[in-house]
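Asks: Supplied structure: protein.txt, compact mmCIF, C-alpha atoms.
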# COMPACT_ATOMS: atom_id res chain seq x y z
CA MET A 1 11.42 -7.94 11.16
CA ASN A 2 14.47 -7.14 9.08
CA ARG A 3 14.40 -5.31 5.81
CA LYS A 4 14.78 -8.38 3.63
CA ALA A 5 11.97 -10.25 5.41
CA LYS A 6 9.74 -7.21 5.12
CA GLY A 7 10.45 -7.06 1.39
CA SER A 8 9.63 -10.75 0.97
CA ASN A 9 6.39 -10.31 2.91
CA ALA A 10 5.37 -7.45 0.65
CA GLU A 11 6.10 -9.63 -2.40
CA ARG A 12 3.99 -12.45 -0.93
CA GLU A 13 1.16 -10.01 -0.29
CA LEU A 14 1.30 -8.86 -3.91
CA VAL A 15 1.37 -12.45 -5.23
CA ARG A 16 -1.77 -13.20 -3.18
CA MET A 17 -3.49 -10.05 -4.51
CA PHE A 18 -2.87 -11.22 -8.07
CA TRP A 19 -4.23 -14.72 -7.39
CA ASP A 20 -7.28 -13.25 -5.64
CA ALA A 21 -7.87 -11.15 -8.75
CA GLY A 22 -7.73 -14.21 -11.03
CA TRP A 23 -4.17 -13.77 -12.26
CA ALA A 24 -1.30 -16.25 -11.84
CA ALA A 25 1.73 -14.83 -10.05
CA ILE A 26 5.04 -16.01 -8.65
CA ARG A 27 7.93 -14.65 -6.61
CA VAL A 28 11.31 -15.00 -8.32
CA ALA A 29 13.95 -17.04 -6.46
CA GLY A 30 17.05 -15.09 -5.48
CA SER A 31 15.87 -11.97 -7.28
CA GLY A 32 18.12 -9.71 -5.24
CA SER A 33 21.30 -11.67 -5.91
CA ALA A 34 20.79 -13.46 -9.16
CA LYS A 35 23.31 -13.66 -11.98
CA PHE A 36 20.74 -12.62 -14.53
CA PRO A 37 18.42 -9.59 -14.59
CA ASN A 38 15.26 -10.47 -12.70
CA PRO A 39 12.06 -8.90 -11.43
CA ASP A 40 10.79 -9.65 -7.91
CA VAL A 41 7.31 -10.74 -8.99
CA LEU A 42 6.04 -11.96 -12.32
CA ALA A 43 2.29 -12.16 -13.02
CA GLY A 44 0.09 -12.93 -15.98
CA ASN A 45 -3.55 -13.41 -16.97
CA ARG A 46 -3.20 -15.03 -20.44
CA LYS A 47 -3.46 -11.67 -22.18
CA ARG A 48 -0.96 -9.61 -20.27
CA ARG A 49 2.29 -10.23 -18.39
CA VAL A 50 3.75 -7.85 -15.86
CA ALA A 51 7.22 -7.91 -14.27
CA VAL A 52 7.33 -6.00 -11.00
CA GLU A 53 10.32 -4.67 -9.11
CA CYS A 54 8.95 -4.30 -5.57
CA LYS A 55 10.09 -1.63 -3.14
CA THR A 56 8.96 -1.24 0.45
CA ILE A 57 9.48 2.26 1.69
CA HIS A 58 9.70 3.65 5.19
CA ASP A 59 10.25 7.20 4.10
CA ILE A 60 8.30 9.52 1.81
CA LYS A 61 10.67 8.92 -1.06
CA LYS A 62 12.88 6.19 -2.41
CA TYR A 63 15.92 6.25 -4.65
CA LEU A 64 16.24 3.55 -7.26
CA SER A 65 19.56 2.75 -8.84
CA SER A 66 19.89 2.74 -12.60
CA SER A 67 20.85 -0.93 -12.16
CA ASP A 68 17.41 -1.65 -10.59
CA ILE A 69 15.78 0.00 -13.56
CA SER A 70 17.91 -1.59 -16.24
CA GLN A 71 17.40 -5.07 -14.69
CA ILE A 72 13.63 -4.83 -14.88
CA ARG A 73 13.79 -3.29 -18.35
CA ILE A 74 16.14 -5.92 -19.80
CA PHE A 75 14.24 -8.82 -18.28
CA SER A 76 10.90 -7.50 -19.49
CA GLU A 77 12.11 -6.89 -23.04
CA LYS A 78 13.58 -10.36 -23.37
CA PHE A 79 10.73 -12.19 -21.67
CA GLY A 80 7.86 -10.25 -23.19
CA ALA A 81 6.33 -8.51 -20.17
CA GLU A 82 5.50 -4.96 -19.10
CA PRO A 83 8.07 -3.52 -16.68
CA TRP A 84 6.61 -1.88 -13.54
CA ILE A 85 7.84 -0.60 -10.22
CA GLY A 86 5.58 -1.62 -7.32
CA MET A 87 5.93 0.76 -4.37
CA ARG A 88 4.63 -0.05 -0.92
CA PHE A 89 4.96 2.96 1.36
CA ASP A 90 4.35 2.34 5.07
CA SER A 91 0.61 2.26 5.88
CA GLN A 92 -0.25 3.01 2.27
CA GLN A 93 -1.67 0.85 -0.46
CA TRP A 94 0.48 -0.33 -3.36
CA PHE A 95 1.24 2.04 -6.21
CA PHE A 96 2.44 0.84 -9.62
CA ILE A 97 4.59 3.16 -11.62
CA ALA A 98 5.70 2.91 -15.23
CA LEU A 99 9.44 3.35 -15.79
CA GLU A 100 8.93 6.48 -17.83
CA ASP A 101 7.12 8.12 -14.91
CA LEU A 102 10.10 7.83 -12.55
CA ALA A 103 11.88 11.08 -11.92
CA GLU A 104 15.60 11.17 -12.74
CA THR A 105 17.79 12.73 -10.08
CA GLY A 106 20.49 13.70 -12.54
CA GLU A 107 23.04 11.31 -11.04
CA SER A 108 21.84 8.37 -13.12
CA ASN A 109 19.57 7.48 -10.27
CA PHE A 110 15.83 7.66 -10.07
CA VAL A 111 13.60 8.79 -7.28
CA VAL A 112 9.99 8.11 -6.52
CA SER A 113 8.15 10.09 -3.87
CA LEU A 114 4.82 9.36 -2.25
CA GLU A 115 3.53 12.48 -3.96
CA LEU A 116 4.70 11.21 -7.38
CA ALA A 117 3.31 7.74 -6.65
CA ARG A 118 -0.10 9.23 -5.82
CA ARG A 119 -0.07 11.46 -8.86
CA LYS A 120 1.31 9.12 -11.52
CA GLY A 121 1.04 5.66 -9.97
CA LEU A 122 -1.83 3.23 -10.42
CA THR A 123 -3.59 1.53 -7.52
CA PHE A 124 -3.71 -2.25 -7.77
CA SER A 125 -7.23 -2.29 -9.18
CA GLU A 126 -6.35 0.36 -11.73
CA PHE A 127 -3.21 -1.59 -12.57
CA ILE A 128 -5.06 -4.80 -13.34
CA GLY A 129 -8.35 -3.15 -14.43
CA ASN A 130 -6.60 -0.76 -16.74
CA PHE A 131 -5.92 -3.64 -19.04
CA ASN A 132 -9.52 -4.85 -19.22
CA GLN A 133 -10.62 -1.37 -20.20
CA SER A 134 -8.04 -1.06 -22.93
CA ARG A 135 -8.79 -4.57 -24.20
CA ASN A 136 -12.52 -3.91 -24.25
CA GLY A 137 -11.85 -0.80 -26.23
CA GLU A 138 -9.84 -2.64 -28.88
CA MET B 1 24.41 -33.35 -2.41
CA ASN B 2 20.87 -33.93 -1.21
CA ARG B 3 17.90 -34.36 -3.47
CA LYS B 4 16.55 -30.84 -3.04
CA ALA B 5 19.94 -29.21 -3.75
CA LYS B 6 20.34 -31.41 -6.82
CA GLY B 7 16.92 -30.30 -8.03
CA SER B 8 17.80 -26.62 -7.50
CA ASN B 9 21.08 -27.06 -9.37
CA ALA B 10 19.28 -28.63 -12.29
CA GLU B 11 16.86 -25.66 -12.33
CA ARG B 12 19.80 -23.21 -12.28
CA GLU B 13 21.41 -25.10 -15.16
CA LEU B 14 18.19 -24.84 -17.16
CA VAL B 15 17.82 -21.11 -16.40
CA ARG B 16 21.36 -20.55 -17.69
CA MET B 17 20.64 -22.55 -20.85
CA PHE B 18 17.65 -20.31 -21.58
CA TRP B 19 19.68 -17.11 -21.05
CA ASP B 20 22.49 -18.48 -23.24
CA ALA B 21 19.90 -19.10 -25.94
CA GLY B 22 18.63 -15.51 -25.77
CA TRP B 23 15.55 -16.18 -23.64
CA ALA B 24 14.78 -14.66 -20.22
CA ALA B 25 14.21 -17.24 -17.48
CA ILE B 26 13.71 -17.34 -13.73
CA ARG B 27 13.46 -19.93 -10.95
CA VAL B 28 10.26 -19.68 -8.93
CA ALA B 29 10.67 -19.04 -5.19
CA GLY B 30 9.31 -21.82 -2.97
CA SER B 31 7.92 -23.72 -5.92
CA GLY B 32 7.82 -26.99 -3.99
CA SER B 33 5.90 -25.62 -1.03
CA ALA B 34 3.94 -22.66 -2.31
CA LYS B 35 0.31 -21.96 -1.51
CA PHE B 36 -0.50 -21.41 -5.17
CA PRO B 37 0.15 -23.67 -8.17
CA ASN B 38 3.62 -22.93 -9.50
CA PRO B 39 6.12 -24.18 -12.04
CA ASP B 40 9.81 -24.55 -11.14
CA VAL B 41 11.11 -22.47 -14.02
CA LEU B 42 9.39 -19.86 -16.16
CA ALA B 43 10.98 -18.66 -19.41
CA GLY B 44 10.00 -16.41 -22.28
CA ASN B 45 11.33 -14.87 -25.47
CA ARG B 46 8.67 -12.21 -26.23
CA LYS B 47 6.74 -14.53 -28.50
CA ARG B 48 6.47 -17.61 -26.36
CA ARG B 49 6.29 -18.42 -22.66
CA VAL B 50 7.02 -21.81 -21.17
CA ALA B 51 6.34 -23.04 -17.63
CA VAL B 52 8.53 -26.02 -16.73
CA GLU B 53 8.10 -28.53 -13.93
CA CYS B 54 11.63 -29.91 -13.52
CA LYS B 55 12.40 -33.45 -12.47
CA THR B 56 15.83 -34.90 -11.84
CA ILE B 57 15.83 -38.65 -12.17
CA HIS B 58 18.26 -41.25 -10.86
CA ASP B 59 16.34 -44.20 -12.24
CA ILE B 60 15.13 -45.07 -15.72
CA LYS B 61 11.63 -43.90 -14.95
CA LYS B 62 9.85 -41.37 -12.79
CA TYR B 63 6.34 -41.23 -11.43
CA LEU B 64 4.59 -37.88 -11.38
CA SER B 65 1.61 -37.26 -9.14
CA SER B 66 -1.58 -35.90 -10.63
CA SER B 67 -1.02 -32.93 -8.29
CA ASP B 68 2.31 -32.17 -10.05
CA ILE B 69 0.50 -32.23 -13.36
CA SER B 70 -2.50 -30.21 -12.30
CA GLN B 71 -0.28 -27.52 -10.71
CA ILE B 72 1.65 -26.92 -13.90
CA ARG B 73 -1.54 -27.07 -15.97
CA ILE B 74 -3.49 -24.60 -13.79
CA PHE B 75 -0.61 -22.15 -13.51
CA SER B 76 0.02 -22.21 -17.26
CA GLU B 77 -3.63 -21.71 -18.18
CA LYS B 78 -4.03 -18.73 -15.87
CA PHE B 79 -0.69 -17.13 -16.68
CA GLY B 80 -0.69 -17.76 -20.41
CA ALA B 81 2.23 -20.14 -20.86
CA GLU B 82 2.84 -23.57 -22.36
CA PRO B 83 3.05 -26.31 -19.71
CA TRP B 84 6.05 -28.66 -20.01
CA ILE B 85 7.78 -31.31 -17.95
CA GLY B 86 11.58 -30.99 -18.03
CA MET B 87 13.28 -34.32 -17.28
CA ARG B 88 16.93 -34.61 -16.40
CA PHE B 89 17.98 -38.25 -16.19
CA ASP B 90 21.43 -38.94 -14.72
CA SER B 91 24.17 -38.36 -17.30
CA GLN B 92 21.63 -37.54 -19.96
CA GLN B 93 20.64 -34.29 -21.56
CA TRP B 94 17.35 -32.58 -20.74
CA PHE B 95 14.17 -33.84 -22.35
CA PHE B 96 11.01 -31.74 -22.54
CA ILE B 97 7.72 -33.53 -22.61
CA ALA B 98 4.25 -32.19 -23.30
CA LEU B 99 1.61 -33.14 -20.72
CA GLU B 100 -0.39 -35.12 -23.26
CA ASP B 101 2.63 -37.32 -23.95
CA LEU B 102 2.94 -38.54 -20.37
CA ALA B 103 1.77 -42.10 -19.86
CA GLU B 104 -0.97 -42.65 -17.27
CA THR B 105 -0.38 -45.49 -14.88
CA GLY B 106 -4.07 -46.03 -14.23
CA GLU B 107 -3.81 -44.94 -10.58
CA SER B 108 -4.20 -41.22 -11.42
CA ASN B 109 -0.45 -41.01 -11.58
CA PHE B 110 1.74 -40.48 -14.55
CA VAL B 111 5.01 -42.09 -15.48
CA VAL B 112 7.78 -41.03 -17.76
CA SER B 113 10.55 -43.42 -18.71
CA LEU B 114 13.86 -42.68 -20.35
CA GLU B 115 12.56 -44.62 -23.34
CA LEU B 116 9.42 -42.42 -23.53
CA ALA B 117 11.50 -39.26 -23.01
CA ARG B 118 13.75 -40.25 -25.91
CA ARG B 119 10.85 -41.14 -28.14
CA LYS B 120 8.41 -38.30 -27.40
CA GLY B 121 10.51 -35.69 -25.62
CA LEU B 122 12.26 -32.75 -27.22
CA THR B 123 15.91 -31.91 -26.65
CA PHE B 124 16.56 -28.38 -25.44
CA SER B 125 17.41 -27.10 -28.90
CA GLU B 126 14.34 -28.74 -30.38
CA PHE B 127 12.28 -27.29 -27.54
CA ILE B 128 13.36 -23.73 -28.20
CA GLY B 129 14.03 -24.16 -31.93
CA ASN B 130 10.72 -25.81 -32.50
CA PHE B 131 9.09 -22.48 -32.01
CA ASN B 132 11.22 -20.66 -34.54
CA GLN B 133 10.40 -23.26 -37.14
CA SER B 134 6.68 -23.03 -36.49
CA ARG B 135 6.83 -19.24 -36.47
CA ASN B 136 8.76 -19.17 -39.71
CA GLY B 137 6.15 -21.39 -41.22
CA GLU B 138 3.29 -19.08 -40.26
With the file now loaded, output its structure as structure tokens.
Replies:
Amino acid sequence: MNRKAKGSNAERELVRMFWDAGWAAIRVAGSGSAKFPNPDVLAGNRKRRVAVECKTIHDIKKYLSSSDISQIRIFSEKFGAEPWIGMRFDSQQWFFIALEDLAETGESNFVVSLELARRKGLTFSEFIGNFNQSRNGE
Amino acid sequence: MNRKAKGSNAERELVRMFWDAGWAAIRVAGSGSAKFPNPDVLAGNRKRRVAVECKTIHDIKKYLSSSDISQIRIFSEKFGAEPWIGMRFDSQQWFFIALEDLAETGESNFVVSLELARRKGLTFSEFIGNFNQSRNGE
């Protein structure tokens, strides 16, 4: 399976996870090549909307371009959604990382390692459950 | 141009109109054949989210199946968006119609005519401006 197909499969997996958890979710058409800033997956549950840039990773770290980051940030600000990076390392669960938790490399790129994902990232249930806790505490 | 390509072009046109108006918008991947209920276009401007089922029409009326309607309704309820039908009649502007303004045919289908679209539908600027007016009035 090529890289693009693997990425699409990971996005489909994530969309299904959201639906199974009672959220609505969609994959964005042409998200890699669109004229406008776009996330890969957009999900919502009436109270909360999340825009996810999805990365499948075959190494223990992944570099993200500042363009990747600014796309998800611009889209999310305009739309009204939380920007997240969804990382799927080989044979690992998903980790969801807030933009401010990405490590800058100093060359206007960003890097996320498996170690950083485990330390700062949320698992899927934390990611979606997190909200319920904060809402209940309001 | 075949029917599907014409539909996709209409969706791209609508996405561009939203971006030009300061909204963020995306086309949904595989919206015609997805496993989960999906709109064709999803747009937001921080305060408001709209899910649009797009129809291009080469006649003076168009039938919509109850499945079309229930897909857009279910998605919008779960996600937290307003459900709308976007109609693009040949050589006409877009009209946006609320689900409750569609006429039932009596066979669990719905019909929208150019006459109904003109009478009950909103133009694009009404559709997006409508919100600003109601917000200003709050």
Asks: Which chain B residues have any atom within 6 Å of an atom of chain A, and for each, what is the nearest pair of atoms with distance in Å to one decimal, counting only C-alpha atoms, rows sorted by chain and number, as CSV?
Replies:
residue,atom,partner,partner_atom,distance
B:Ala24,CA,A:Phe79,CA,5.0
B:Arg27,CA,A:Ala29,CA,5.4
B:Val28,CA,A:Val28,CA,4.8
B:Ala29,CA,A:Ala29,CA,4.0
B:Gly44,CA,A:Phe79,CA,4.3
B:Asn45,CA,A:Phe79,CA,4.7
B:Arg46,CA,A:Gly80,CA,3.7
B:Lys78,CA,A:Asn45,CA,5.5
B:Phe79,CA,A:Gly44,CA,4.3
B:Gly80,CA,A:Arg46,CA,3.7
Asks: Determine, counting all atoms listed in the file, which protein, DNA and RNA residues have an atom within 12 Å of an atom of Val111 (chain A); residues of the same chain fewer than 6 positions away are not included. Present the result as a PyMOL selection string.
Replies: chain A and resi 55+57+59-66+68-69+85+87+97+99-105+117
Asks: Given the choices B:Asn2, B:Thr56, B:Asn109, B:Asn9, which gets closest to Gln93 (chain B) if the distance is worked out from all atoms listed in the file?
Replies: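 Going through B:Asn2, B:Thr56, B:Asn109, B:Asn9 one by one, the smallest distance to Gln93 (chain B) is for B:Thr56.
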Asks: I need the residue nearest His58 (chain B) from this list: B:Asp20, B:Leu114, B:Phe127, B:Gly121. Use only C-alpha atoms for the distance.
Replies: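 When distances to His58 (chain B) are compared using only C-alpha atoms, the smallest one comes from B:Leu114.
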Asks: How far is it from CA of Arg12 (chain B) to CA of Ala10 (chain A), in Å with one decimal?
Replies: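 A separation of 25.0 Å between them.
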